[in-house]
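A.B. asks: Input: one structure, supplied below.
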Amino acid sequence: MSAQSNFQNNVLEKITKQNALAAALGAVFWCIPILVLWMFVYELKPAAATVMLWLSGALIGLAVRFHGRGYERLFSVIGFVSHACIVLIAWDVQIVIGGNVLSVILIGVYVLGAWSAAYLSRINISMHDYKAFNAFFACPDYLQQKKLKNRWFVVLPLVLVLTFVVGYIVAIAVLIFQEGQYIENEKNQQALHAADFRDKHIDTSDEALAAISQHKALTYAFAYHSGRQFDVQGRYLGKYPQDSYQAQLILRYLAEQKSNPRAQFILGKILDSKKGDALIKQAQQGGDTFARLYSIYEFGCFMDAKKGRQLLNSFAKNIEEQSVKIDIHGMLSDDFNNHCQVLDNPEFDYRYIKDYQFKK
């Protein structure tokens, strides 16, 4: 009789220690690190974020179990509801799926997480103690004396509301923090690019340009115009600070101070005006192959296409510059009129300087 009495007292002591309110508040508290972890996992490896559907359930279940020390089904419901709220928040802030995941897998991982939350939230009752616990739970006196902290109509609305409120506050705070970090990183990157660009700028005074070869000066003019830098051998060196004023400054120096026909032709194309036309004609007189090629284009497009093709064939025999040869081949292999739009294109193309060798 004494043993039976001690056993019942032991069961009553365990039931008395149950605290559904503490379990609910514990679940609300632990939703904070769980959501932060979920966002961190998504940021680090989006494809692994789906696993958090299960892991969040397991963690919430352990939190409810630790804080509530409960044996009733109410604790399983607390874990299940808390997990569902966290998943809904994660879904709303779009950190659940990080790639192509089959719906059946997604549902399966969620069900596993929900089951883990419900199972781990409640302390298991052994088969030996099952009848004794059930007898207490079914006893009218126990149900009447049950404290408010263990009543479902107090605990469940509380866990539902607080989890959503706290969860969204945490999610928004983390998103604001991440946005701040992103903006800060962007500013740092822009500062690094700006510093790198400043280091790449060259002196474009007449004295400085006179100290380098005309071909190299043309590569700098193209770099400033296009934002892409190539060396005189045609190797790509990377991005370059784009500045059309500096590009035209170099071209004007070469065209006016050095009477460079190619610079005259390119500047004439860029200006696309009466002054530009005059520069292109000046380049033709200076023997620039691209300028002469464009004069044949004009003749073929506006006067006689057949005669233009004949002129191109004759012109091609005396050309060494590979870029000009490629243009001629493209023109001859197609209808002449299909290429007339190049006359209206004011772009500074890299092919104008790629194979250029200035001959005095």
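Convention: chains lettered A, B, ... in structure tokens order; per-chain residue numbering from 1; ligands numbered from 1 as shown.
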Considering only C-alpha atoms, return as a short mmCIF file (atom, residue, chain, number, x, y, z; two decimals) with N, CA, C and O atoms, in the first residue's frame whatever protein or nucleic-acid residues lie within 12 Å of region 195-203 of chain A, sequence-local ones (same chain, fewer than 2 positions apart) excluded.

C.D. replies:
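Output contents, as saved in part_18.cif:
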```
data_model
loop_
_atom_site.label_atom_id
_atom_site.label_comp_id
_atom_site.auth_asym_id
_atom_site.auth_seq_id
_atom_site.Cartn_x
_atom_site.Cartn_y
_atom_site.Cartn_z
N ASN A 188 31.59 50.05 -49.97
CA ASN A 188 33.01 49.68 -49.92
C ASN A 188 33.52 49.25 -51.28
O ASN A 188 34.63 49.61 -51.69
N GLN A 189 32.68 48.47 -52.00
CA GLN A 189 33.07 48.03 -53.34
C GLN A 189 33.20 49.22 -54.28
O GLN A 189 34.15 49.29 -55.08
N GLN A 190 32.26 50.14 -54.20
CA GLN A 190 32.31 51.33 -55.05
C GLN A 190 33.53 52.18 -54.73
O GLN A 190 34.17 52.73 -55.63
N ALA A 191 33.85 52.27 -53.43
CA ALA A 191 35.04 53.03 -53.03
C ALA A 191 36.31 52.38 -53.57
O ALA A 191 37.23 53.08 -54.04
N LEU A 192 36.36 51.03 -53.50
CA LEU A 192 37.52 50.31 -54.04
C LEU A 192 37.64 50.51 -55.55
O LEU A 192 38.73 50.73 -56.07
N HIS A 193 36.48 50.41 -56.24
CA HIS A 193 36.48 50.61 -57.70
C HIS A 193 36.90 52.03 -58.05
O HIS A 193 37.66 52.25 -59.00
N SER A 205 47.83 65.61 -70.70
CA SER A 205 48.42 66.85 -71.21
C SER A 205 49.22 66.55 -72.48
O SER A 205 49.63 65.40 -72.72
N ASP A 206 49.46 67.56 -73.30
CA ASP A 206 50.21 67.37 -74.55
C ASP A 206 51.60 66.79 -74.27
O ASP A 206 52.07 65.91 -75.02
N GLU A 207 52.24 67.25 -73.21
CA GLU A 207 53.59 66.76 -72.88
C GLU A 207 53.56 65.28 -72.52
O GLU A 207 54.44 64.51 -72.95
N ALA A 208 52.57 64.87 -71.74
CA ALA A 208 52.48 63.47 -71.33
C ALA A 208 52.15 62.57 -72.52
O ALA A 208 52.70 61.47 -72.67
N LEU A 209 51.23 63.00 -73.38
CA LEU A 209 50.85 62.19 -74.55
C LEU A 209 51.97 62.10 -75.56
O LEU A 209 52.10 61.10 -76.27
N ALA A 210 52.81 63.13 -75.61
CA ALA A 210 53.94 63.10 -76.54
C ALA A 210 54.98 62.06 -76.14
O ALA A 210 55.77 61.60 -76.98
N ALA A 211 54.94 61.65 -74.87
CA ALA A 211 55.94 60.69 -74.37
C ALA A 211 55.57 59.24 -74.67
O ALA A 211 56.39 58.33 -74.42
N ILE A 212 54.36 58.98 -75.15
CA ILE A 212 53.95 57.60 -75.46
C ILE A 212 53.68 57.47 -76.96
O ILE A 212 53.48 58.47 -77.66
N LYS A 216 49.58 53.53 -78.59
CA LYS A 216 49.23 53.39 -77.17
C LYS A 216 48.25 54.48 -76.76
O LYS A 216 47.31 54.23 -75.98
N ALA A 217 48.46 55.69 -77.28
CA ALA A 217 47.52 56.78 -76.98
C ALA A 217 46.12 56.44 -77.48
O ALA A 217 45.12 56.73 -76.82
N THR A 219 44.89 53.42 -77.71
CA THR A 219 44.32 52.41 -76.80
C THR A 219 43.75 53.07 -75.55
O THR A 219 42.72 52.65 -75.03
N TYR A 220 44.40 54.13 -75.06
CA TYR A 220 43.86 54.86 -73.91
C TYR A 220 42.59 55.61 -74.29
O TYR A 220 41.64 55.69 -73.49
N ALA A 221 42.56 56.16 -75.50
CA ALA A 221 41.35 56.85 -75.96
C ALA A 221 40.18 55.88 -76.02
O ALA A 221 39.06 56.20 -75.59
N ALA A 223 39.93 53.08 -74.25
CA ALA A 223 39.62 52.68 -72.87
C ALA A 223 38.72 53.72 -72.20
O ALA A 223 37.73 53.38 -71.55
N TYR A 224 39.05 55.00 -72.38
CA TYR A 224 38.21 56.06 -71.81
C TYR A 224 36.83 56.08 -72.45
O TYR A 224 35.82 56.34 -71.79
N GLY A 227 35.25 52.10 -71.60
CA GLY A 227 35.31 51.52 -70.26
C GLY A 227 36.01 50.18 -70.23
O GLY A 227 36.01 49.49 -69.22
N ARG A 228 36.63 49.78 -71.34
CA ARG A 228 37.39 48.52 -71.43
C ARG A 228 38.79 48.81 -71.95
O ARG A 228 38.95 49.51 -72.95
N GLN A 229 39.78 48.26 -71.26
CA GLN A 229 41.16 48.57 -71.63
C GLN A 229 41.85 47.37 -72.28
O GLN A 229 41.79 46.25 -71.78
N LEU A 237 42.85 44.07 -70.51
CA LEU A 237 43.43 44.36 -69.20
C LEU A 237 42.40 44.59 -68.12
O LEU A 237 42.73 44.67 -66.94
N GLY A 238 41.12 44.70 -68.50
CA GLY A 238 40.07 44.88 -67.50
C GLY A 238 39.28 46.16 -67.72
O GLY A 238 39.41 46.85 -68.74
N LYS A 239 38.44 46.48 -66.72
CA LYS A 239 37.61 47.68 -66.81
C LYS A 239 38.46 48.94 -66.63
O LYS A 239 39.53 48.90 -66.02
N TYR A 240 37.93 50.03 -67.17
CA TYR A 240 38.66 51.29 -67.14
C TYR A 240 37.66 52.42 -66.88
O TYR A 240 36.50 52.33 -67.29
N PRO A 241 38.10 53.50 -66.19
CA PRO A 241 37.16 54.60 -65.92
C PRO A 241 36.68 55.25 -67.21
O PRO A 241 37.48 55.72 -68.01
N GLN A 242 35.38 55.24 -67.41
CA GLN A 242 34.80 55.75 -68.65
C GLN A 242 34.69 57.28 -68.57
O GLN A 242 34.13 57.82 -67.62
N ASP A 243 35.24 57.95 -69.58
CA ASP A 243 35.24 59.41 -69.59
C ASP A 243 35.36 59.86 -71.04
O ASP A 243 36.46 59.89 -71.61
N GLN A 246 37.86 62.78 -71.78
CA GLN A 246 39.27 62.41 -71.86
C GLN A 246 39.57 61.68 -73.17
O GLN A 246 40.63 61.88 -73.77
N ALA A 247 38.62 60.85 -73.62
CA ALA A 247 38.80 60.13 -74.89
C ALA A 247 38.94 61.13 -76.04
O ALA A 247 39.85 61.01 -76.88
N LEU A 249 39.79 64.24 -75.82
CA LEU A 249 40.98 65.05 -75.60
C LEU A 249 42.20 64.38 -76.22
O LEU A 249 43.02 65.03 -76.90
N ILE A 250 42.32 63.05 -76.02
CA ILE A 250 43.44 62.30 -76.60
C ILE A 250 43.33 62.27 -78.12
O ILE A 250 44.34 62.48 -78.84
#
```

A.B. asks: Output as number ranges by chain all residues of region 41-270 of chain A that backbone DSSP marks as helix (DSSP H, G or I).

C.D. replies: A: 41-44, 46-68, 73-92, 103-121, 127-138, 140-145, 148-150, 152-200, 206-210, 214-226, 244-257, 261-270

A.B. asks: Rounded to one decimal in Å, what is the spacing between CA of Trp115 (chain A) and CA of Ala20 (chain A)?

C.D. replies: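 Result for CA of Trp115 (chain A) versus CA of Ala20 (chain A): 18.9 Å, one decimal.
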
A.B. asks: Let me make sure I understand: among A:Lys306, A:Leu21, A:Gly300, A:Asn313, which one has the smallest atom-to-atom distance to Phe153 (chain A) if we use only C-alpha atoms?

C.D. replies: A:Leu21

A.B. asks: Which residues are close to Leu120 (chain A), i.e. within 7 Å by only C-alpha atoms, leaving aside same-chain residues fewer than 5 positions away? Reply as a PyMOL selection string.

C.D. replies: chain A and resi 58+61-62+65

A.B. asks: Using only C-alpha atoms, determine which residues lie at most 7 Å from region 267-272 of chain A, disregarding the query and same-chain residues fewer than 2 positions distant; provide the list as a list in words.

C.D. replies: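 In the requested format, the answer is Leu251, Ala263, Gln264, Phe265, Gly276, Asp277, Leu279, Ile280, Pro346, Glu347 and Phe348 of chain A.
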
A.B. asks: Counting only C-alpha atoms, which of A:Ile86, A:Ile326, A:Met331, A:Cys31 gets nearest to Asp355 (chain A)?

C.D. replies: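 Closest residue, counting only C-alpha atoms: A:Ile326.
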
A.B. asks: Extract, using only C-alpha atoms, all DNA, RNA and protein residues at most 12 Å from Ile172 (chain A), discarding same-chain residues fewer than 3 positions from it, and format them as a list of chain:residue names.

C.D. replies: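 The neighbour list is A:Ile32, A:Leu35, A:Val36, A:Met39, A:Ile89, A:Ala90, A:Asp92, A:Val93, A:Phe164, A:Val165, A:Val166, A:Gly167, A:Tyr168, A:Ile169, A:Leu175, A:Ile176, A:Phe177, A:Gln178, A:Glu179.
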
A.B. asks: Please list as a list in words every residue within 6 Å of Val96 (chain A), counting only C-alpha atoms and excluding residues in the same chain fewer than 4 positions away.

C.D. replies: Ala49, Thr50, Ala90 and Trp91 of chain A

A.B. asks: Any chance you can output those residues with all heavy atoms as a short mmCIF file (atom, residue, chain, number, x, y, z; two decimals), in the first residue's frame?

C.D. replies:
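Result written to part_1.cif:
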```cif
data_model
loop_
_atom_site.label_atom_id
_atom_site.label_comp_id
_atom_site.auth_asym_id
_atom_site.auth_seq_id
_atom_site.Cartn_x
_atom_site.Cartn_y
_atom_site.Cartn_z
N ALA A 49 18.33 25.57 -46.89
CA ALA A 49 17.33 26.21 -46.04
C ALA A 49 16.10 25.33 -45.81
O ALA A 49 15.45 25.42 -44.77
CB ALA A 49 16.90 27.54 -46.65
N THR A 50 15.81 24.46 -46.78
CA THR A 50 14.64 23.57 -46.65
C THR A 50 14.77 22.64 -45.46
O THR A 50 13.78 22.27 -44.83
CB THR A 50 14.47 22.76 -47.95
OG1 THR A 50 14.39 23.66 -49.06
CG2 THR A 50 13.21 21.93 -47.91
N ALA A 90 8.77 32.20 -41.94
CA ALA A 90 9.88 31.92 -42.85
C ALA A 90 9.41 31.91 -44.30
O ALA A 90 10.10 32.40 -45.21
CB ALA A 90 10.51 30.57 -42.50
N TRP A 91 8.23 31.36 -44.54
CA TRP A 91 7.67 31.33 -45.89
C TRP A 91 7.36 32.75 -46.38
O TRP A 91 7.60 33.10 -47.53
CB TRP A 91 6.40 30.48 -45.91
CG TRP A 91 5.81 30.33 -47.29
CD1 TRP A 91 4.93 31.16 -47.91
CD2 TRP A 91 6.10 29.28 -48.22
NE1 TRP A 91 4.63 30.70 -49.16
CE2 TRP A 91 5.34 29.54 -49.39
CE3 TRP A 91 6.91 28.15 -48.20
CZ2 TRP A 91 5.37 28.72 -50.51
CZ3 TRP A 91 6.95 27.33 -49.31
CH2 TRP A 91 6.18 27.60 -50.45
#
```

A.B. asks: Within 9 Å of region 106-113 of chain A, counting only C-alpha atoms, which residues show up once you throw out same-chain ones fewer than 3 positions away? Write them as a PyMOL selection string, please.

C.D. replies: chain A and resi 50-58+80+83+87+97+101-103+116-118

A.B. asks: Would you mind reading off the distance between CA of Val174 (chain A) and CA of Leu158 (chain A), one decimal, in Å?

C.D. replies: 23.7 Å

A.B. asks: With distances taken over only C-alpha atoms, which of A:Ala23, A:Leu254, A:Leu293, A:Ile95 is nearest to Gln214 (chain A)?

C.D. replies: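 Selected residue with least distance to Gln214 (chain A): A:Leu254.
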